[in-house]
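Participant: Take a look at run.txt, compact mmCIF, C-alpha atoms:
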# COMPACT_ATOMS: atom_id res chain seq x y z
CA MET A 158 74.39 82.85 7.65
CA PHE A 159 72.30 85.07 5.39
CA ILE A 160 71.05 83.67 2.06
CA GLY A 161 69.48 85.75 -0.68
CA ILE A 162 67.50 84.04 -3.42
CA CYS A 163 66.84 85.66 -6.79
CA GLY A 164 65.49 84.28 -10.02
CA SER A 165 63.01 84.41 -12.87
CA LYS A 166 59.24 84.33 -12.46
CA CYS A 167 57.85 80.94 -11.37
CA ALA A 168 61.34 79.40 -11.23
CA GLY A 169 60.88 78.25 -7.63
CA LYS A 170 62.52 80.92 -5.44
CA SER A 171 59.92 80.68 -2.70
CA THR A 172 59.99 76.88 -2.79
CA VAL A 173 63.77 76.80 -2.29
CA ALA A 174 63.39 79.33 0.53
CA GLN A 175 60.69 77.20 2.14
CA TYR A 176 62.97 74.16 1.95
CA LEU A 177 65.63 76.03 3.93
CA VAL A 178 63.03 77.17 6.46
CA GLU A 179 61.60 73.69 6.97
CA HIS A 180 64.79 71.63 6.88
CA HIS A 181 67.55 73.96 8.09
CA GLU A 182 65.78 76.33 10.51
CA PHE A 183 66.22 79.47 8.43
CA LYS A 184 63.98 82.43 9.25
CA ARG A 185 62.49 84.56 6.50
CA LEU A 186 63.03 88.28 6.04
CA CYS A 187 61.39 90.64 3.59
CA ILE A 188 61.44 94.29 2.52
CA SER A 189 58.14 96.15 2.57
CA SER A 190 56.91 99.72 2.53
CA GLY A 191 57.28 99.77 6.30
CA LEU A 192 53.52 99.97 6.96
CA GLU A 193 50.89 97.37 7.67
CA PRO A 194 47.54 97.66 5.88
CA ASN A 195 46.19 99.44 8.99
CA GLY A 196 48.97 102.03 8.78
CA GLN A 197 50.95 100.68 11.72
CA SER A 198 54.71 100.18 11.46
CA THR A 199 55.85 96.68 10.60
CA THR A 200 58.05 94.73 12.95
CA SER A 201 61.72 95.46 12.38
CA SER A 202 63.35 93.26 14.97
CA LEU A 203 62.87 89.77 16.30
CA GLU A 204 62.64 91.01 19.87
CA GLU A 205 59.79 93.38 18.99
CA ALA A 206 57.97 90.62 17.12
CA GLN A 207 57.85 88.35 20.15
CA PRO A 208 55.16 88.48 22.80
CA SER A 209 56.36 90.26 25.93
CA HIS A 210 56.26 87.07 27.97
CA MET A 211 58.58 85.27 25.51
CA THR A 212 62.19 86.43 25.36
CA PRO A 213 64.17 83.44 24.08
CA SER A 214 67.69 84.13 22.85
CA LEU A 215 68.27 84.28 19.11
CA GLY A 216 68.73 80.79 17.80
CA SER A 217 66.70 79.25 20.57
CA LYS A 218 64.40 76.48 19.41
CA GLN A 219 61.73 78.03 21.64
CA LEU A 220 60.97 80.65 18.99
CA PRO A 221 57.24 80.83 18.27
CA LEU A 222 56.21 78.73 15.29
CA ARG A 223 54.65 81.76 13.61
CA LEU A 224 58.07 83.45 13.52
CA ALA A 225 59.64 80.44 11.83
CA GLN A 226 56.95 80.50 9.14
CA GLN A 227 56.30 84.22 8.62
CA ALA A 228 58.78 86.76 7.34
CA LEU A 229 60.00 89.62 9.49
CA SER A 230 59.42 92.81 7.53
CA PHE A 231 61.76 95.79 7.12
CA PRO A 232 61.16 99.13 5.39
CA THR A 233 64.49 99.14 3.52
CA ALA A 234 67.34 96.87 2.52
CA GLU A 235 69.60 98.86 4.87
CA ALA A 236 67.34 98.14 7.84
CA LEU A 237 67.19 94.45 6.97
CA LEU A 238 70.97 94.20 6.69
CA ASP A 239 71.48 96.10 9.94
CA PHE A 240 69.29 93.56 11.73
CA VAL A 241 71.02 90.54 10.19
CA THR A 242 74.47 91.97 10.97
CA LYS A 243 73.56 92.14 14.66
CA HIS A 244 72.33 88.53 14.56
CA TRP A 245 74.67 87.05 11.95
CA ARG A 246 75.15 83.76 13.80
CA GLU A 247 71.55 82.82 13.06
CA ARG A 248 70.19 81.58 9.74
CA TRP A 249 68.27 84.14 7.70
CA ILE A 250 66.85 84.07 4.21
CA THR A 251 65.20 86.57 1.87
CA THR A 252 63.83 86.54 -1.65
CA ASP A 253 63.73 90.35 -1.66
CA ILE A 254 66.78 91.69 -3.51
CA PRO A 255 65.32 94.69 -5.32
CA ASP A 256 68.37 95.87 -7.25
CA GLN A 257 72.15 95.90 -7.65
CA ASP A 258 72.57 98.49 -4.90
CA ALA A 259 70.91 96.21 -2.35
CA LEU A 260 73.00 93.28 -3.56
CA ASP A 261 76.18 95.36 -3.23
CA MET A 262 75.30 96.05 0.40
CA PHE A 263 74.49 92.42 1.19
CA SER A 264 77.61 91.12 -0.59
CA ARG A 265 79.94 93.10 1.65
CA ARG A 266 79.05 90.81 4.52
CA PRO A 267 81.15 87.63 4.76
CA PHE A 268 78.11 85.65 5.90
CA PHE A 269 76.01 86.40 2.78
CA LEU A 270 75.39 83.90 -0.03
CA LEU A 271 73.44 84.62 -3.22
CA ILE A 272 71.53 81.81 -4.93
CA SER A 273 69.71 82.16 -8.24
CA VAL A 274 66.91 79.90 -9.41
CA ASP A 275 65.89 79.60 -13.03
CA ALA A 276 63.89 77.27 -15.26
CA PRO A 277 63.04 77.02 -18.98
CA LEU A 278 60.25 79.32 -20.13
CA ALA A 279 57.92 76.42 -20.96
CA VAL A 280 58.28 75.03 -17.44
CA ARG A 281 57.70 78.42 -15.83
CA TRP A 282 54.64 79.06 -17.99
CA ARG A 283 53.14 75.73 -16.96
CA ARG A 284 53.74 76.56 -13.30
CA PHE A 285 52.19 79.97 -13.80
CA GLN A 286 49.06 78.37 -15.24
CA GLN A 287 48.84 75.98 -12.28
CA ARG A 288 49.24 78.85 -9.83
CA ASP A 289 46.68 80.87 -11.80
CA GLN A 290 44.18 78.03 -11.47
CA ARG A 291 44.78 77.73 -7.71
CA GLN A 292 44.37 81.48 -7.23
CA SER A 293 41.18 81.57 -9.30
CA HIS A 294 39.75 78.72 -7.25
CA ALA A 295 40.69 80.44 -3.99
CA GLN A 296 39.12 83.71 -5.13
CA SER A 297 35.90 81.98 -6.11
CA ASN A 298 35.75 80.63 -2.54
CA GLY A 299 36.51 84.05 -1.11
CA THR A 300 39.73 82.89 0.55
CA GLU A 301 42.25 84.97 -1.40
CA SER A 302 42.54 88.61 -2.34
CA SER A 303 42.66 89.88 -5.90
CA PRO A 304 45.90 89.10 -7.77
CA GLU A 305 48.44 91.83 -8.41
CA PRO A 306 48.37 93.37 -11.89
CA LEU A 307 50.67 92.25 -14.67
CA GLN A 308 52.31 94.45 -17.26
CA GLY A 309 49.73 96.22 -19.37
CA GLY A 310 47.06 96.14 -16.67
CA LYS A 311 46.49 92.40 -16.82
CA ALA A 312 46.11 90.50 -13.57
CA LYS A 313 47.69 87.25 -12.59
CA GLY A 314 44.30 85.63 -12.38
CA THR A 315 43.35 86.74 -15.90
CA VAL A 316 46.45 85.92 -17.96
CA ALA A 317 45.27 83.58 -20.69
CA SER A 318 48.15 83.58 -23.18
CA LEU A 319 51.76 82.59 -23.31
CA ASP A 320 52.54 85.93 -24.98
CA ALA A 321 51.30 87.83 -21.93
CA PHE A 322 53.44 85.71 -19.62
CA VAL A 323 56.50 86.18 -21.84
CA LEU A 324 56.08 89.96 -21.62
CA TYR A 325 55.62 89.67 -17.87
CA SER A 326 58.76 87.54 -17.54
CA ASP A 327 60.85 89.72 -19.86
CA ASP A 328 59.90 92.85 -17.94
CA HIS A 329 61.00 91.17 -14.70
CA LEU A 330 64.35 90.10 -16.16
CA TYR A 331 65.31 92.77 -18.68
CA ASP A 332 63.74 96.07 -17.66
CA ALA A 333 66.48 98.72 -17.86
CA ARG A 334 65.73 100.03 -14.37
CA THR A 335 64.40 97.08 -12.38
CA GLY A 336 65.50 94.01 -14.37
CA HIS A 337 66.73 91.12 -12.20
CA LEU A 338 69.01 89.43 -14.73
CA SER A 339 71.98 91.52 -13.58
CA VAL A 340 71.37 90.36 -10.01
CA MET A 341 71.04 86.71 -11.06
CA SER A 342 74.33 86.86 -12.98
CA ARG A 343 76.21 87.47 -9.72
CA ALA A 344 74.90 84.40 -7.89
CA THR A 345 77.44 82.09 -6.27
CA VAL A 346 75.13 79.10 -6.69
CA ARG A 347 72.90 78.81 -9.75
CA LEU A 348 70.07 76.30 -9.67
CA LEU A 349 68.16 75.14 -12.72
CA ASN A 350 64.86 73.88 -11.38
CA THR A 351 62.87 71.77 -13.82
CA SER A 352 61.30 69.64 -11.10
CA SER A 353 57.58 69.05 -10.96
CA ASP A 354 57.66 67.00 -7.75
CA LEU A 355 58.18 68.79 -4.44
CA ALA A 356 59.46 65.73 -2.57
CA HIS A 357 62.10 65.03 -5.22
CA LEU A 358 63.05 68.71 -5.33
CA TYR A 359 63.63 68.75 -1.57
CA ALA A 360 65.64 65.53 -1.73
CA THR A 361 67.84 66.91 -4.50
CA LEU A 362 68.37 70.21 -2.69
CA GLY A 363 69.68 68.19 0.22
CA LYS A 364 72.38 66.76 -2.04
CA VAL A 365 73.42 70.19 -3.35
CA ASP A 366 74.85 71.05 0.09
CA LEU A 367 73.86 74.72 0.02
CA LEU A 368 75.23 75.28 3.54
CA ASN A 369 78.77 74.16 2.68
CA GLU A 370 81.18 76.47 4.55
CA ASP A 371 83.35 76.73 1.43
CA ARG A 372 80.62 78.78 -0.22
CA LEU A 373 81.04 81.58 2.32
CA ARG A 374 84.75 81.38 3.06
CA PRO A 375 86.83 79.22 0.70
CA GLY A 376 88.84 76.45 2.35
CA TRP A 377 92.55 76.21 1.64
CA ASP A 378 92.12 73.81 -1.27
CA THR A 379 89.49 76.03 -2.86
CA TYR A 380 91.59 79.13 -2.26
CA PHE A 381 94.84 77.80 -3.72
CA MET A 382 93.11 76.10 -6.64
CA ALA A 383 91.41 79.40 -7.45
CA LEU A 384 94.86 81.03 -7.52
CA ALA A 385 96.07 78.28 -9.85
CA SER A 386 93.11 78.87 -12.15
CA LEU A 387 93.81 82.59 -12.09
CA ALA A 388 97.45 81.96 -13.00
CA ALA A 389 96.25 79.86 -15.93
CA GLN A 390 94.60 82.96 -17.41
CA ARG A 391 98.11 84.32 -18.03
CA SER A 392 99.02 81.30 -20.19
CA ASN A 393 100.10 82.03 -23.76
CA CYS A 394 100.21 78.38 -24.89
CA MET A 395 97.98 77.67 -27.88
CA LYS A 396 97.24 74.09 -26.80
CA ARG A 397 96.00 74.32 -23.24
CA ARG A 398 95.81 76.80 -20.39
CA VAL A 399 97.41 75.48 -17.19
CA GLY A 400 98.13 77.27 -13.92
CA CYS A 401 100.09 76.16 -10.86
CA VAL A 402 100.70 77.37 -7.29
CA LEU A 403 103.43 76.09 -4.98
CA VAL A 404 102.56 76.31 -1.29
CA ARG A 405 104.31 75.62 2.02
CA GLU A 406 102.65 76.05 5.41
CA LYS A 407 99.65 77.67 3.72
CA ARG A 408 101.83 80.37 2.18
CA VAL A 409 102.38 80.81 -1.55
CA ILE A 410 106.00 80.19 -2.54
CA SER A 411 105.56 80.71 -6.28
CA THR A 412 103.10 80.56 -9.15
CA GLY A 413 103.46 79.43 -12.74
CA TYR A 414 101.64 79.14 -16.04
CA ASN A 415 102.58 77.48 -19.31
CA GLY A 416 104.03 79.21 -22.33
CA THR A 417 107.27 79.92 -24.16
CA PRO A 418 110.40 80.90 -22.14
CA ARG A 419 111.45 84.43 -21.38
CA GLY A 420 112.90 86.18 -24.42
CA LEU A 421 111.10 83.99 -26.96
CA ARG A 422 108.03 84.98 -28.90
CA ASN A 423 104.83 83.93 -27.12
CA CYS A 424 103.26 80.68 -28.24
CA GLY A 425 100.04 82.57 -28.94
CA GLU A 426 101.99 84.75 -31.38
CA GLY A 427 103.45 81.78 -33.24
CA GLY A 428 106.47 81.21 -30.97
CA CYS A 429 106.02 77.43 -30.68
CA GLY A 430 105.64 75.60 -34.00
CA ARG A 431 104.49 72.38 -32.39
CA CYS A 432 101.57 73.99 -30.55
CA ASN A 433 100.62 76.16 -33.50
CA ASP A 434 100.53 73.14 -35.81
CA GLY A 435 97.80 71.68 -33.61
CA GLN A 436 99.53 68.35 -32.98
CA GLY A 437 97.71 65.92 -30.71
CA SER A 438 98.49 65.29 -27.06
CA GLY A 439 101.79 63.43 -26.66
CA HIS A 440 102.97 64.04 -30.22
CA GLY A 441 105.97 66.15 -31.19
CA LEU A 442 106.93 66.87 -27.58
CA ALA A 443 110.65 66.97 -28.46
CA THR A 444 110.00 70.06 -30.60
CA CYS A 445 107.73 71.89 -28.12
CA LEU A 446 109.18 75.17 -26.83
CA CYS A 447 106.55 75.74 -24.13
CA ILE A 448 107.50 75.37 -20.47
CA HIS A 449 104.78 73.75 -18.36
CA ALA A 450 103.13 75.61 -15.49
CA GLU A 451 104.60 73.21 -12.93
CA GLU A 452 108.10 73.72 -14.35
CA ASN A 453 107.72 77.49 -14.18
CA ALA A 454 106.56 77.33 -10.56
CA LEU A 455 109.47 75.08 -9.58
CA LEU A 456 112.00 77.27 -11.37
CA GLU A 457 110.57 80.38 -9.76
CA ALA A 458 110.72 78.86 -6.28
CA GLY A 459 114.20 77.36 -6.57
CA ARG A 460 115.29 74.21 -4.78
CA GLU A 461 116.34 76.07 -1.63
CA ARG A 462 112.82 77.41 -0.99
CA ILE A 463 111.12 74.02 -1.27
CA ARG A 464 111.02 72.24 2.07
CA GLU A 465 109.33 69.16 3.46
CA GLY A 466 105.58 69.61 3.43
CA ALA A 467 105.43 71.72 0.26
CA ILE A 468 102.21 71.23 -1.75
CA LEU A 469 101.77 71.82 -5.47
CA TYR A 470 98.31 72.90 -6.68
CA CYS A 471 97.66 72.60 -10.39
CA ASP A 472 94.40 72.96 -12.27
CA THR A 473 95.47 70.04 -14.52
CA CYS A 474 97.12 66.79 -13.43
CA PRO A 475 100.89 66.99 -14.13
CA CYS A 476 102.27 65.13 -17.13
CA LEU A 477 104.86 62.36 -16.75
CA THR A 478 107.80 64.71 -17.39
CA CYS A 479 106.64 67.20 -14.78
CA SER A 480 105.93 64.44 -12.27
CA ILE A 481 109.58 63.39 -12.39
CA LYS A 482 110.74 66.95 -11.69
CA ILE A 483 108.16 67.40 -8.93
CA THR A 484 109.46 64.25 -7.28
CA GLN A 485 113.09 65.33 -7.62
CA VAL A 486 112.65 68.66 -5.80
CA GLY A 487 110.90 67.07 -2.85
CA ILE A 488 107.24 68.10 -3.17
CA SER A 489 105.18 66.20 -0.58
CA GLU A 490 101.71 66.45 -2.13
CA VAL A 491 100.14 67.31 -5.49
CA VAL A 492 96.53 68.50 -5.73
CA PHE A 493 94.91 68.79 -9.17
CA SER A 494 91.48 69.67 -10.52
CA GLN A 495 91.21 68.33 -14.08
CA GLY A 496 92.51 65.03 -15.38
CA TYR A 497 95.05 64.62 -18.21
CA SER A 498 95.84 61.93 -20.76
CA MET A 499 98.66 60.34 -18.73
CA ASP A 500 97.22 60.46 -15.21
CA GLY A 501 97.93 56.75 -14.67
CA ASP A 502 101.64 57.10 -15.46
CA THR A 503 101.92 60.18 -13.27
CA ALA A 504 100.15 58.45 -10.39
CA ALA A 505 102.53 55.49 -10.64
CA VAL A 506 105.58 57.78 -10.38
CA PHE A 507 104.17 59.60 -7.37
CA ARG A 508 103.13 56.38 -5.68
CA GLU A 509 106.63 54.92 -5.96
CA ALA A 510 108.25 58.17 -4.80
CA GLY A 511 105.88 58.61 -1.85
CA VAL A 512 104.25 61.79 -3.17
CA LYS A 513 100.58 62.09 -2.24
CA LEU A 514 98.29 62.75 -5.24
CA ARG A 515 94.65 63.72 -4.91
CA GLN A 516 91.96 65.36 -7.01
CA PHE A 517 90.15 68.44 -5.76
CA VAL A 518 86.39 68.55 -6.32
CA PRO A 519 84.79 71.82 -5.19
CA PRO A 520 81.13 72.20 -4.24
CA ALA A 521 79.16 72.74 -7.43
CA ASN A 522 78.38 76.40 -8.08
CA GLY A 523 77.34 76.32 -11.72
CA LEU A 524 74.00 75.48 -13.31
CA ILE A 525 72.86 72.66 -11.06
CA HIS A 526 69.96 70.71 -12.52
CA LEU A 527 67.69 69.92 -9.60
CA GLU A 528 65.74 67.47 -11.73
CA GLN A 529 65.49 66.84 -15.44
CA THR A 530 61.96 66.43 -16.72
CA LYS A 531 60.33 66.72 -20.14
CA LEU A 532 59.62 70.34 -20.96
CA TYR A 533 56.49 69.48 -22.90
CA PRO A 534 53.80 66.90 -22.25
Represent the structure of the file as C-alpha cells.
Facilitator:
Amino acid sequence: MFIGICGSKCAGKSTVAQYLVEHHEFKRLCISSGLEPNGQSTTSSLEEAQPSHMTPSLGSKQLPLRLAQQALSFPTAEALLDFVTKHWRERWITTDIPDQDALDMFSRRPFFLLISVDAPLAVRWRRFQQRDQRQSHAQSNGTESSPEPLQGGKAKGTVASLDAFVLYSDDHLYDARTGHLSVMSRATVRLLNTSSDLAHLYATLGKVDLLNEDRLRPGWDTYFMALASLAAQRSNCMKRRVGCVLVREKRVISTGYNGTPRGLRNCGEGGCGRCNDGQGSGHGLATCLCIHAEENALLEAGRERIREGAILYCDTCPCLTCSIKITQVGISEVVFSQGYSMDGDTAAVFREAGVKLRQFVPPANGLIHLEQTKLYP
C-alpha cells in the first residue's frame, strides 16, 4: 500500500504520516534534489540504505529502527514510484506530491491512496505560531538550523503577523504553477483536523479506518452502489434522483433511474404535473407519471432474466409500491444507501416475503472531522 498525504500549511500532514508510521508500520519516502549536503547521492533503495551485514527481506520486522523513522530519499517522483512498484506489498507513505503530474503517475497504481488534510485558517495560524516559538527556542540553543524563507523573504522564525501567514498559505494553495489545492481536490479521503491534542488525534484516526481495503479496490457493495448512484444522475424527476442496479452472480442484469415513461415529456421539462407542483412525499401519487428507478430496472430485466439470488441495489430505500413488485419478481436481497419516508412499511413487506433488506454504509471519504474544538480562545 502506498499513501500520499497532501494538505494546507500546518494542517497536520506530517502528524498523520507519523501516526501511520508509529501505529501501522508504514515507512516514509520523500523526493529531494538527489544530493546530500556533502554532495553524495541520496539513498534510492531500501537495500542500499541497509548496512551490508543486514539484509532482511522487505516487510521484515528486523528493519533497523532508523529506517522506520527516517524517510528514504529519491531524486524524482518517477524514481520514488519505481521503487514502490517493486515493493508494493509493503506499506509506504509520502507527504511529497509536488504537482498534478506526480499525482497522475501515482494514481495509476492500484495500491495508491491519496489523503488530504486541512484545517481552518485560525487553527493553522495558531499552530504556526506554536511551531515558530519551538523553532526560535531551538535556534537560541543552537540545536536547529535557520528556518526556510517565506514569501517575500520572510523566514518562518520571523513571521509576526497573521497577514504574512495568510500570504504564505495562499501561495502554497493557489499559486498558478505550484498551488496544491488542485492536488487536494482529488483526494479519496479528506480529513479536517481541528485537534489540539495528539493523543485524541491518534485515537480518532484509528476510528477512521484509513487502511480499509475498499478505499483501494471497491468491494462489491461499494461497486454496485456506485453504479446505482451513477444511474441516478440520469434521472429527470423533479422530486428526487434515484438510481437502481439489478445484479445476479455479481453481474449487472439491468439498471434504472426514475422519470417519465418513454415517449412522454421529461418530468424536468414539465412532463409530470404532480412532481412539478412540488407536492409532499406520499401526496398525489395517483396522478404521478414518473416511473421509479426500481420499476425501470425490473422492466428492463424482464421476469425471465431474474433468477434466485438476484440482488437489487438502490441508492434510496424502495417505497411500498416498489417493494411489492420487487417481492413479486423474486428478488432475494435489497441493498439501499439512503432511507425513505416509508422504510418501516417496506421492511415489513420484505420480512414477510423473505426478502433480505440491509443498508449499505461505505467507509467515510468526505470531510471527516478528526476533532471539533473552538477555533478561538
Participant: Between A:Ala333, A:Arg398, A:Ser352, A:Gly363, which has the minimum distance to Ala276 (chain A) (counting all atoms listed in the file)?
Facilitator: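 When distances to Ala276 (chain A) are compared using all atoms listed in the file, the smallest one comes from A:Ser352.
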Participant: Near Val173 (chain A), within 9 Å and counting all atoms listed in the file, which residues show up once chain neighbours fewer than 6 positions away are dropped, as a ChimeraX atom specification?
Facilitator: /A:162,274,358-359,362
Participant: For those residues, write C-alpha atoms to a file as a PDB file, in the frame of the given file.
Facilitator:
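Full text of again_13.pdb as output:
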ATOM      1  CA  ILE A 162      67.500  84.040  -3.420  1.00  0.00           C
ATOM      2  CA  VAL A 274      66.910  79.900  -9.410  1.00  0.00           C
ATOM      3  CA  LEU A 358      63.050  68.710  -5.330  1.00  0.00           C
ATOM      4  CA  TYR A 359      63.630  68.750  -1.570  1.00  0.00           C
ATOM      5  CA  LEU A 362      68.370  70.210  -2.690  1.00  0.00           C
TER       6      LEU A 362
END
Participant: Find the residues near Lys166 (chain A): any atom within 7 Å, counting all atoms listed in the file, skip ones fewer than 2 places away on the same chain, and give them as an MDAnalysis selection string.
Facilitator: chainID A and resid 164 168 281 326
Participant: Nearest to Asp253 (chain A) among A:Gln516, A:Gln495, A:Gln286, A:Ser171, with distances taken over all atoms listed in the file: which residue is it?
Facilitator: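 For Asp253 (chain A), the nearest of the candidates is A:Ser171.
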Participant: Applying 9 Å and only C-alpha atoms, which residues near region 277-280 of chain A remain after dropping the ones on its own chain fewer than 3 positions away? List them as a VMD selection string.
Facilitator: chain A and resid 167 to 168 283 to 285 323 326 349 to 353 531 to 533
Participant: Could you please take those selected residues and save C-alpha atoms as an mmCIF file, in the coordinates of the input?
Facilitator:
data_model
loop_
_atom_site.group_PDB
_atom_site.id
_atom_site.type_symbol
_atom_site.label_atom_id
_atom_site.label_comp_id
_atom_site.auth_asym_id
_atom_site.auth_seq_id
_atom_site.Cartn_x
_atom_site.Cartn_y
_atom_site.Cartn_z
ATOM 1 C CA CYS A 167 57.850 80.940 -11.370
ATOM 2 C CA ALA A 168 61.340 79.400 -11.230
ATOM 3 C CA ARG A 283 53.140 75.730 -16.960
ATOM 4 C CA ARG A 284 53.740 76.560 -13.300
ATOM 5 C CA PHE A 285 52.190 79.970 -13.800
ATOM 6 C CA VAL A 323 56.500 86.180 -21.840
ATOM 7 C CA SER A 326 58.760 87.540 -17.540
ATOM 8 C CA LEU A 349 68.160 75.140 -12.720
ATOM 9 C CA ASN A 350 64.860 73.880 -11.380
ATOM 10 C CA THR A 351 62.870 71.770 -13.820
ATOM 11 C CA SER A 352 61.300 69.640 -11.100
ATOM 12 C CA SER A 353 57.580 69.050 -10.960
ATOM 13 C CA LYS A 531 60.330 66.720 -20.140
ATOM 14 C CA LEU A 532 59.620 70.340 -20.960
ATOM 15 C CA TYR A 533 56.490 69.480 -22.900
#
Participant: Just write region 503-511 of chain A with all heavy atoms, as a JSON list (two decimals), in the first residue's frame, taken from the block above.
Facilitator:
[["chain", "number", "residue", "atom", "x", "y", "z"],
["A", 503, "THR", "N", -41.96, -0.81, 4.08],
["A", 503, "THR", "CA", -41.20, -1.61, 3.12],
["A", 503, "THR", "C", -40.53, -2.80, 3.81],
["A", 503, "THR", "O", -40.57, -3.92, 3.31],
["A", 503, "THR", "CB", -40.14, -0.73, 2.42],
["A", 503, "THR", "OG1", -40.80, 0.25, 1.62],
["A", 503, "THR", "CG2", -39.22, -1.57, 1.55],
["A", 504, "ALA", "N", -39.91, -2.53, 4.96],
["A", 504, "ALA", "CA", -39.23, -3.59, 5.70],
["A", 504, "ALA", "C", -40.20, -4.69, 6.11],
["A", 504, "ALA", "O", -39.87, -5.88, 6.08],
["A", 504, "ALA", "CB", -38.53, -3.01, 6.92],
["A", 505, "ALA", "N", -41.42, -4.30, 6.49],
["A", 505, "ALA", "CA", -42.43, -5.29, 6.90],
["A", 505, "ALA", "C", -42.81, -6.20, 5.73],
["A", 505, "ALA", "O", -42.97, -7.41, 5.90],
["A", 505, "ALA", "CB", -43.65, -4.57, 7.45],
["A", 506, "VAL", "N", -42.96, -5.62, 4.53],
["A", 506, "VAL", "CA", -43.29, -6.42, 3.35],
["A", 506, "VAL", "C", -42.17, -7.40, 3.05],
["A", 506, "VAL", "O", -42.42, -8.60, 2.82],
["A", 506, "VAL", "CB", -43.54, -5.50, 2.13],
["A", 506, "VAL", "CG1", -43.61, -6.32, 0.84],
["A", 506, "VAL", "CG2", -44.83, -4.70, 2.32],
["A", 507, "PHE", "N", -40.94, -6.92, 3.05],
["A", 507, "PHE", "CA", -39.81, -7.79, 2.74],
["A", 507, "PHE", "C", -39.64, -8.89, 3.80],
["A", 507, "PHE", "O", -39.31, -10.03, 3.48],
["A", 507, "PHE", "CB", -38.53, -6.96, 2.64],
["A", 507, "PHE", "CG", -38.43, -6.15, 1.38],
["A", 507, "PHE", "CD1", -37.72, -4.97, 1.35],
["A", 507, "PHE", "CD2", -39.04, -6.58, 0.20],
["A", 507, "PHE", "CE1", -37.62, -4.21, 0.20],
["A", 507, "PHE", "CE2", -38.95, -5.83, -0.97],
["A", 507, "PHE", "CZ", -38.24, -4.65, -0.97],
["A", 508, "ARG", "N", -39.85, -8.53, 5.04],
["A", 508, "ARG", "CA", -39.70, -9.51, 6.12],
["A", 508, "ARG", "C", -40.69, -10.65, 5.94],
["A", 508, "ARG", "O", -40.35, -11.83, 6.07],
["A", 508, "ARG", "CB", -39.90, -8.81, 7.47],
["A", 508, "ARG", "CG", -39.63, -9.70, 8.67],
["A", 508, "ARG", "CD", -39.46, -8.89, 9.96],
["A", 508, "ARG", "NE", -40.53, -7.92, 10.14],
["A", 508, "ARG", "CZ", -40.36, -6.60, 10.06],
["A", 508, "ARG", "NH1", -39.18, -6.09, 9.76],
["A", 508, "ARG", "NH2", -41.38, -5.79, 10.25],
["A", 509, "GLU", "N", -41.95, -10.32, 5.64],
["A", 509, "GLU", "CA", -42.97, -11.35, 5.46],
["A", 509, "GLU", "C", -42.71, -12.20, 4.22],
["A", 509, "GLU", "O", -42.97, -13.41, 4.21],
["A", 509, "GLU", "CB", -44.35, -10.70, 5.35],
["A", 509, "GLU", "CG", -45.49, -11.71, 5.25],
["A", 509, "GLU", "CD", -46.86, -11.04, 5.28],
["A", 509, "GLU", "OE1", -46.92, -9.83, 5.56],
["A", 509, "GLU", "OE2", -47.85, -11.74, 5.01],
["A", 510, "ALA", "N", -42.15, -11.57, 3.17],
["A", 510, "ALA", "CA", -41.90, -12.29, 1.92],
["A", 510, "ALA", "C", -40.56, -13.02, 1.91],
["A", 510, "ALA", "O", -40.27, -13.76, 0.96],
["A", 510, "ALA", "CB", -41.96, -11.32, 0.75],
["A", 511, "GLY", "N", -39.75, -12.82, 2.94],
["A", 511, "GLY", "CA", -38.45, -13.49, 2.99],
["A", 511, "GLY", "C", -37.38, -12.84, 2.14],
["A", 511, "GLY", "O", -36.41, -13.49, 1.75]]
